[in-house]
>>> print(open('my_file-v9.cif').read())   # mmCIF, C-alpha atoms
data_my_file
#
loop_
_atom_site.group_PDB
_atom_site.id
_atom_site.type_symbol
_atom_site.label_atom_id
_atom_site.label_comp_id
_atom_site.auth_asym_id
_atom_site.auth_seq_id
_atom_site.Cartn_x
_atom_site.Cartn_y
_atom_site.Cartn_z
ATOM 1 C CA MET A 1371 128.182 152.700 121.278
ATOM 2 C CA ASN A 1372 126.854 155.194 118.739
ATOM 3 C CA ARG A 1373 129.918 157.442 119.244
ATOM 4 C CA ILE A 1374 132.303 154.582 118.518
ATOM 5 C CA PHE A 1375 130.319 153.616 115.416
ATOM 6 C CA SER A 1376 130.204 157.238 114.238
ATOM 7 C CA LYS A 1377 133.975 157.692 114.687
ATOM 8 C CA ARG A 1378 134.689 154.475 112.795
ATOM 9 C CA LEU A 1379 132.338 155.461 109.988
ATOM 10 C CA LEU A 1380 133.913 158.918 109.794
ATOM 11 C CA GLY A 1381 137.372 157.339 109.709
ATOM 12 C CA LEU A 1382 136.394 154.948 106.922
ATOM 13 C CA THR A 1383 134.848 157.800 104.958
ATOM 14 C CA GLY A 1384 138.079 159.802 105.261
ATOM 15 C CA VAL A 1385 140.224 156.863 104.148
ATOM 16 C CA SER A 1386 137.883 156.189 101.207
ATOM 17 C CA PHE A 1387 138.060 159.838 100.172
ATOM 18 C CA LEU A 1388 141.874 159.795 100.301
ATOM 19 C CA LEU A 1389 142.053 156.598 98.252
ATOM 20 C CA CYS A 1390 139.636 157.949 95.647
ATOM 21 C CA SER A 1391 141.476 161.271 95.557
ATOM 22 C CA SER A 1392 144.870 159.637 95.064
ATOM 23 C CA GLN A 1393 143.501 157.494 92.211
ATOM 24 C CA LEU A 1394 141.961 160.579 90.639
ATOM 25 C CA VAL A 1395 145.257 162.455 90.844
ATOM 26 C CA MET A 1396 147.143 159.498 89.334
ATOM 27 C CA ALA A 1397 144.607 159.344 86.504
ATOM 28 C CA LEU A 1398 145.050 163.023 85.657
ATOM 29 C CA VAL A 1399 148.096 162.783 83.437
ATOM 30 C CA PRO A 1400 148.603 165.883 81.251
ATOM 31 C CA ASN A 1401 148.163 165.334 77.488
ATOM 32 C CA ASN A 1402 151.794 166.220 76.798
ATOM 33 C CA VAL A 1403 153.206 163.547 79.143
ATOM 34 C CA ALA A 1404 154.139 160.256 77.486
ATOM 35 C CA ILE A 1405 153.494 157.088 79.467
ATOM 36 C CA ILE A 1406 155.679 154.074 78.749
ATOM 37 C CA LEU A 1407 153.975 150.871 79.912
ATOM 38 C CA ASN A 1408 155.767 147.558 80.196
ATOM 39 C CA SER A 1409 153.464 144.636 81.017
ATOM 40 C CA GLY A 1410 155.941 142.472 82.858
ATOM 41 C CA SER A 1411 155.648 138.727 82.389
ATOM 42 C CA THR A 1412 154.808 135.572 84.254
ATOM 43 C CA ASN A 1413 158.164 135.828 86.058
ATOM 44 C CA THR A 1414 158.804 139.593 86.119
ATOM 45 C CA ILE A 1415 157.136 142.804 87.251
ATOM 46 C CA GLY A 1416 156.518 145.457 84.604
ATOM 47 C CA TYR A 1417 157.053 149.200 84.890
ATOM 48 C CA ARG A 1418 155.508 152.571 84.071
ATOM 49 C CA ILE A 1419 157.516 155.644 83.125
ATOM 50 C CA TYR A 1420 155.933 159.097 82.816
ATOM 51 C CA VAL A 1421 158.046 161.403 80.631
ATOM 52 C CA SER A 1422 157.355 165.138 80.366
ATOM 53 C CA PRO A 1423 158.651 167.246 77.452
ATOM 54 C CA SER A 1424 161.041 168.944 79.914
ATOM 55 C CA GLY A 1425 162.724 165.598 80.613
ATOM 56 C CA GLU A 1426 161.288 165.257 84.112
ATOM 57 C CA VAL A 1427 160.231 161.675 84.765
ATOM 58 C CA SER A 1428 158.353 159.702 87.381
ATOM 59 C CA TYR A 1429 158.489 155.953 87.292
ATOM 60 C CA VAL A 1430 157.496 152.838 89.153
ATOM 61 C CA ASP A 1431 158.837 149.311 88.843
ATOM 62 C CA GLY A 1432 159.169 146.312 91.132
ATOM 63 C CA LYS A 1433 161.743 148.197 93.219
ATOM 64 C CA GLY A 1434 159.316 151.053 93.978
ATOM 65 C CA SER A 1435 158.700 154.533 92.632
ATOM 66 C CA ASN A 1436 161.142 157.320 91.927
ATOM 67 C CA GLN A 1437 161.714 160.494 89.936
ATOM 68 C CA GLY A 1438 164.509 161.642 87.686
ATOM 69 C CA LYS A 1439 165.515 163.765 84.744
ATOM 70 C CA LEU A 1440 166.522 162.620 81.274
ATOM 71 C CA SER A 1441 169.157 164.327 79.191
ATOM 72 C CA GLU A 1442 167.880 167.046 76.893
ATOM 73 C CA LYS A 1443 169.156 165.110 73.877
ATOM 74 C CA LEU A 1444 167.289 161.905 74.784
ATOM 75 C CA THR A 1445 164.111 163.809 75.698
ATOM 76 C CA LYS A 1446 164.059 165.750 72.418
ATOM 77 C CA LYS A 1447 164.751 162.602 70.387
ATOM 78 C CA PHE A 1448 161.953 160.681 72.133
ATOM 79 C CA PHE A 1449 159.351 163.418 71.638
ATOM 80 C CA ARG A 1450 160.475 164.001 68.043
ATOM 81 C CA ASP A 1451 160.099 160.271 67.333
ATOM 82 C CA LEU A 1452 156.661 160.315 69.003
ATOM 83 C CA LYS A 1453 155.583 163.228 66.792
ATOM 84 C CA VAL A 1454 156.759 161.416 63.641
ATOM 85 C CA ALA A 1455 154.891 158.252 64.692
ATOM 86 C CA GLU A 1456 151.544 160.002 65.345
ATOM 87 C CA PRO A 1457 148.875 158.868 65.590
ATOM 88 C CA LEU A 1458 150.334 156.163 67.805
ATOM 89 C CA SER A 1459 147.295 153.923 67.393
ATOM 90 C CA ASN A 1460 148.085 153.664 63.663
ATOM 91 C CA LEU A 1461 151.491 152.061 64.173
ATOM 92 C CA PRO A 1462 151.297 148.652 62.505
ATOM 93 C CA LYS A 1463 150.885 145.568 64.640
ATOM 94 C CA GLN A 1464 153.705 143.074 64.254
ATOM 95 C CA SER A 1465 153.663 139.546 65.569
ATOM 96 C CA CYS A 1466 156.850 138.204 67.071
ATOM 97 C CA GLY A 1467 157.761 135.159 69.086
ATOM 98 C CA LYS A 1468 158.144 135.749 72.806
ATOM 99 C CA SER A 1469 158.884 133.493 75.724
ATOM 100 C CA VAL A 1470 155.782 132.561 77.705
ATOM 101 C CA SER A 1471 157.663 133.060 80.987
ATOM 102 C CA PHE A 1472 159.688 136.161 80.143
ATOM 103 C CA GLY A 1473 157.926 137.839 77.188
ATOM 104 C CA THR A 1474 156.659 141.366 77.833
ATOM 105 C CA THR A 1475 154.826 144.004 75.835
ATOM 106 C CA THR A 1476 155.735 147.689 75.768
ATOM 107 C CA THR A 1477 153.309 150.382 74.712
ATOM 108 C CA ILE A 1478 153.327 154.177 74.774
ATOM 109 C CA ARG A 1479 150.362 156.419 75.573
ATOM 110 C CA LEU A 1480 150.236 160.098 74.674
ATOM 111 C CA ALA A 1481 147.314 162.502 74.310
ATOM 112 C CA GLY A 1482 144.671 159.783 74.280
ATOM 113 C CA GLU A 1483 146.513 157.566 71.786
ATOM 114 C CA GLU A 1484 148.201 154.234 72.523
ATOM 115 C CA SER A 1485 150.726 152.392 70.408
ATOM 116 C CA GLN A 1486 150.837 148.733 69.579
ATOM 117 C CA ASP A 1487 153.569 146.672 71.254
ATOM 118 C CA ILE A 1488 156.698 148.549 70.161
ATOM 119 C CA SER A 1489 158.952 145.738 71.366
ATOM 120 C CA CYS A 1490 157.739 143.947 68.213
ATOM 121 C CA PRO A 1491 158.122 146.935 65.882
ATOM 122 C CA GLY A 1492 156.042 146.832 62.714
ATOM 123 C CA ASN A 1493 157.970 149.614 60.968
ATOM 124 C CA ALA A 1494 160.950 151.979 61.333
ATOM 125 C CA LYS A 1495 158.925 154.499 63.385
ATOM 126 C CA ALA A 1496 158.072 151.867 65.988
ATOM 127 C CA GLN A 1497 161.684 150.639 65.970
ATOM 128 C CA ARG A 1498 162.938 154.162 66.782
ATOM 129 C CA LEU A 1499 160.435 154.388 69.653
ATOM 130 C CA ASP A 1500 161.533 150.993 70.966
ATOM 131 C CA ASN A 1501 165.165 152.144 70.867
ATOM 132 C CA ASP A 1502 164.171 155.339 72.720
ATOM 133 C CA VAL A 1503 162.333 153.371 75.413
ATOM 134 C CA ILE A 1504 165.314 151.068 75.893
ATOM 135 C CA ALA A 1505 167.594 154.126 76.277
ATOM 136 C CA ILE A 1506 165.174 155.803 78.712
ATOM 137 C CA ALA A 1507 164.836 152.689 80.881
ATOM 138 C CA LYS A 1508 168.615 152.260 80.875
ATOM 139 C CA ALA A 1509 169.198 155.923 81.840
ATOM 140 C CA LEU A 1510 166.805 155.534 84.782
ATOM 141 C CA ASN A 1511 167.969 152.017 85.701
ATOM 142 C CA VAL A 1512 164.377 150.778 85.335
ATOM 143 C CA VAL A 1513 164.183 147.024 84.847
ATOM 144 C CA ASN A 1514 161.779 144.126 84.945
ATOM 145 C CA VAL A 1515 162.337 142.918 88.498
ATOM 146 C CA PRO A 1516 161.784 139.202 89.159
ATOM 147 C CA ARG A 1517 158.447 138.724 90.964
ATOM 148 C CA SER A 1518 160.226 136.954 93.828
ATOM 149 C CA GLN A 1519 162.414 140.034 94.441
ATOM 150 C CA GLY A 1520 160.023 142.965 94.106
ATOM 151 C CA LYS A 1521 156.607 144.393 94.854
ATOM 152 C CA PRO A 1522 153.661 144.464 92.419
ATOM 153 C CA LEU A 1523 152.943 147.818 90.780
ATOM 154 C CA PRO A 1524 150.144 149.854 92.294
ATOM 155 C CA PRO A 1525 147.015 149.888 90.136
ATOM 156 C CA GLN A 1526 146.665 152.679 87.594
ATOM 157 C CA ASN A 1527 143.380 153.875 86.178
ATOM 158 C CA PHE A 1528 143.738 155.773 82.917
#
>>> encode(input="my_file-v9.cif", output="structure tokens")
Amino acid sequence: MNRIFSKRLLGLTGVSFLLCSSQLVMALVPNNVAIILNSGSTNTIGYRIYVSPSGEVSYVDGKGSNQGKLSEKLTKKFFRDLKVAEPLSNLPKQSCGKSVSFGTTTTIRLAGEESQDISCPGNAKAQRLDNDVIAIAKALNVVNVPRSQGKPLPPQNF
């Protein structure tokens, strides 16, 4: 009886360690990697896109996770627009009407800063970032998947 209990406890400890380790690894995003966060809506699943300055990307949406590479031109434009908009937390907040069922918010995190919802741009800098995000999502074929057709995003602690 004690052997069975010990093996089960050891197994649970190992699983707990793996889960904690994987969450720790996910939380360790380098300061130079931009994270695009789309909230999703009542009817759709959001997405997360991690963009490195080299153009390498990892992303997850309602269809699952994947990796890719952006064009050099799009990558340089995005990071140039991010630099111009710094600090991201100072981008002005703009209120705009959104559908209760389909309205989403899109923010960008970089080096400890987070933007306001750029899908309601408060100035030209935010508008350029919104255009960049739309182009990035389109290049990767990342979309808001209807909740009935996809899987929820895994949790992210950052």
>>> atom_distance(input="my_file-v9.cif", atom1="atom CA of A:Arg1418", atom2="atom CA of A:Leu1523")
8.6 Å
>>> residues_near_point(input="my_file-v9.cif", point="(153.5, 157.3, 79.3)", cutoff="12 Å", atoms="only C-alpha atoms", output="VMD selection string")
chain A and resid 1397 1399 to 1408 1417 to 1423 1427 to 1430 1448 to 1449 1452 1458 1476 to 1485 1503 1506 1526 1528
>>> atom_distance(input="my_file-v9.cif", atom1="atom CA of A:Gly1438", atom2="atom CA of A:Val1513")
14.9 Å
>>> residues_around(input="my_file-v9.cif", residues="stretch 1491-1494 of chain A", least_positions_apart="4", cutoff="12 Å", atoms="all atoms listed in the file", output="NGL selection string")
:A and (1451 or 1454-1455 or 1460-1466 or 1475-1477 or 1485-1487 or 1498-1501)
>>> atom_distance(input="my_file-v9.cif", atom1="atom CA of A:Lys1468", atom2="atom CA of A:Gln1519")
22.5 Å
>>> closest_residue(input="my_file-v9.cif", among="A:Leu1444, A:Arg1517, A:Leu1398, A:Lys1453", to="A:Ile1504", atoms="all atoms listed in the file")
A:Leu1444
>>> closest_residue(input="my_file-v9.cif", among="A:Ala1505, A:Cys1490, A:Val1515, A:Leu1510", to="A:Asn1436", atoms="all atoms listed in the file")
A:Leu1510
>>> closest_residue(input="my_file-v9.cif", among="A:Ala1507, A:Leu1440, A:Ile1488, A:Ala1496", to="A:Gly1416", atoms="all atoms listed in the file")
A:Ala1507
>>> build_atoms(input="my_file-v9.cif", residues="stretch 1475-1486 of chain A", atoms="all heavy atoms", output="mmCIF file, in the frame of the given file")
data_model
loop_
_atom_site.group_PDB
_atom_site.id
_atom_site.type_symbol
_atom_site.label_atom_id
_atom_site.label_comp_id
_atom_site.auth_asym_id
_atom_site.auth_seq_id
_atom_site.Cartn_x
_atom_site.Cartn_y
_atom_site.Cartn_z
ATOM 1 N N THR A 1475 155.241 143.061 76.867
ATOM 2 C CA THR A 1475 154.826 144.004 75.835
ATOM 3 C C THR A 1475 155.117 145.413 76.339
ATOM 4 O O THR A 1475 155.036 145.677 77.542
ATOM 5 C CB THR A 1475 153.323 143.887 75.489
ATOM 6 O OG1 THR A 1475 152.563 144.159 76.664
ATOM 7 C CG2 THR A 1475 152.979 142.522 74.960
ATOM 8 N N THR A 1476 155.449 146.299 75.427
ATOM 9 C CA THR A 1476 155.735 147.689 75.768
ATOM 10 C C THR A 1476 154.912 148.579 74.855
ATOM 11 O O THR A 1476 155.006 148.458 73.631
ATOM 12 C CB THR A 1476 157.235 148.001 75.608
ATOM 13 O OG1 THR A 1476 157.988 147.096 76.428
ATOM 14 C CG2 THR A 1476 157.539 149.432 76.031
ATOM 15 N N THR A 1477 154.119 149.434 75.466
ATOM 16 C CA THR A 1477 153.309 150.382 74.712
ATOM 17 C C THR A 1477 153.586 151.793 75.213
ATOM 18 O O THR A 1477 154.134 151.979 76.301
ATOM 19 C CB THR A 1477 151.800 150.078 74.840
ATOM 20 O OG1 THR A 1477 151.424 150.150 76.217
ATOM 21 C CG2 THR A 1477 151.462 148.713 74.268
ATOM 22 N N ILE A 1478 153.180 152.766 74.407
ATOM 23 C CA ILE A 1478 153.327 154.177 74.774
ATOM 24 C C ILE A 1478 151.971 154.838 74.626
ATOM 25 O O ILE A 1478 151.288 154.638 73.608
ATOM 26 C CB ILE A 1478 154.349 154.897 73.878
ATOM 27 C CG1 ILE A 1478 155.718 154.219 73.971
ATOM 28 C CG2 ILE A 1478 154.465 156.375 74.271
ATOM 29 C CD1 ILE A 1478 156.738 154.760 72.986
ATOM 30 N N ARG A 1479 151.592 155.629 75.625
ATOM 31 C CA ARG A 1479 150.362 156.419 75.573
ATOM 32 C C ARG A 1479 150.734 157.895 75.576
ATOM 33 O O ARG A 1479 151.602 158.325 76.333
ATOM 34 C CB ARG A 1479 149.477 156.135 76.776
ATOM 35 C CG ARG A 1479 148.914 154.747 76.787
ATOM 36 C CD ARG A 1479 148.017 154.534 77.964
ATOM 37 N NE ARG A 1479 147.550 153.155 77.978
ATOM 38 C CZ ARG A 1479 146.834 152.629 78.948
ATOM 39 N NH1 ARG A 1479 146.482 153.357 79.982
ATOM 40 N NH2 ARG A 1479 146.450 151.375 78.882
ATOM 41 N N LEU A 1480 150.032 158.649 74.727
ATOM 42 C CA LEU A 1480 150.236 160.098 74.674
ATOM 43 C C LEU A 1480 148.991 160.737 74.088
ATOM 44 O O LEU A 1480 148.529 160.317 73.015
ATOM 45 C CB LEU A 1480 151.466 160.441 73.816
ATOM 46 C CG LEU A 1480 151.781 161.922 73.642
ATOM 47 C CD1 LEU A 1480 152.174 162.566 74.970
ATOM 48 C CD2 LEU A 1480 152.891 162.126 72.622
ATOM 49 N N ALA A 1481 148.457 161.710 74.787
ATOM 50 C CA ALA A 1481 147.314 162.502 74.310
ATOM 51 C C ALA A 1481 146.150 161.633 73.833
ATOM 52 O O ALA A 1481 145.587 161.865 72.767
ATOM 53 C CB ALA A 1481 147.766 163.456 73.214
ATOM 54 N N GLY A 1482 145.816 160.620 74.609
ATOM 55 C CA GLY A 1482 144.671 159.783 74.280
ATOM 56 C C GLY A 1482 144.940 158.691 73.261
ATOM 57 O O GLY A 1482 144.049 157.927 72.926
ATOM 58 N N GLU A 1483 146.141 158.605 72.748
ATOM 59 C CA GLU A 1483 146.513 157.566 71.786
ATOM 60 C C GLU A 1483 147.394 156.529 72.479
ATOM 61 O O GLU A 1483 148.130 156.861 73.396
ATOM 62 C CB GLU A 1483 147.298 158.171 70.619
ATOM 63 C CG GLU A 1483 146.492 159.050 69.715
ATOM 64 C CD GLU A 1483 145.545 158.273 68.829
ATOM 65 O OE1 GLU A 1483 145.897 157.166 68.385
ATOM 66 O OE2 GLU A 1483 144.438 158.777 68.599
ATOM 67 N N GLU A 1484 147.326 155.288 72.000
ATOM 68 C CA GLU A 1484 148.201 154.234 72.523
ATOM 69 C C GLU A 1484 148.766 153.435 71.366
ATOM 70 O O GLU A 1484 148.054 153.077 70.426
ATOM 71 C CB GLU A 1484 147.451 153.299 73.468
ATOM 72 C CG GLU A 1484 148.366 152.251 74.075
ATOM 73 C CD GLU A 1484 147.720 151.459 75.204
ATOM 74 O OE1 GLU A 1484 146.517 151.632 75.460
ATOM 75 O OE2 GLU A 1484 148.434 150.659 75.814
ATOM 76 N N SER A 1485 150.047 153.156 71.456
ATOM 77 C CA SER A 1485 150.726 152.392 70.408
ATOM 78 C C SER A 1485 150.428 150.910 70.544
ATOM 79 O O SER A 1485 149.942 150.445 71.572
ATOM 80 C CB SER A 1485 152.241 152.608 70.510
ATOM 81 O OG SER A 1485 152.756 151.927 71.651
ATOM 82 N N GLN A 1486 150.776 150.185 69.507
ATOM 83 C CA GLN A 1486 150.837 148.733 69.579
ATOM 84 C C GLN A 1486 152.087 148.384 70.395
ATOM 85 O O GLN A 1486 152.815 149.276 70.829
ATOM 86 C CB GLN A 1486 150.961 148.143 68.165
ATOM 87 C CG GLN A 1486 149.825 148.472 67.250
ATOM 88 C CD GLN A 1486 148.548 147.732 67.622
ATOM 89 O OE1 GLN A 1486 148.574 146.675 68.262
ATOM 90 N NE2 GLN A 1486 147.419 148.287 67.231
#
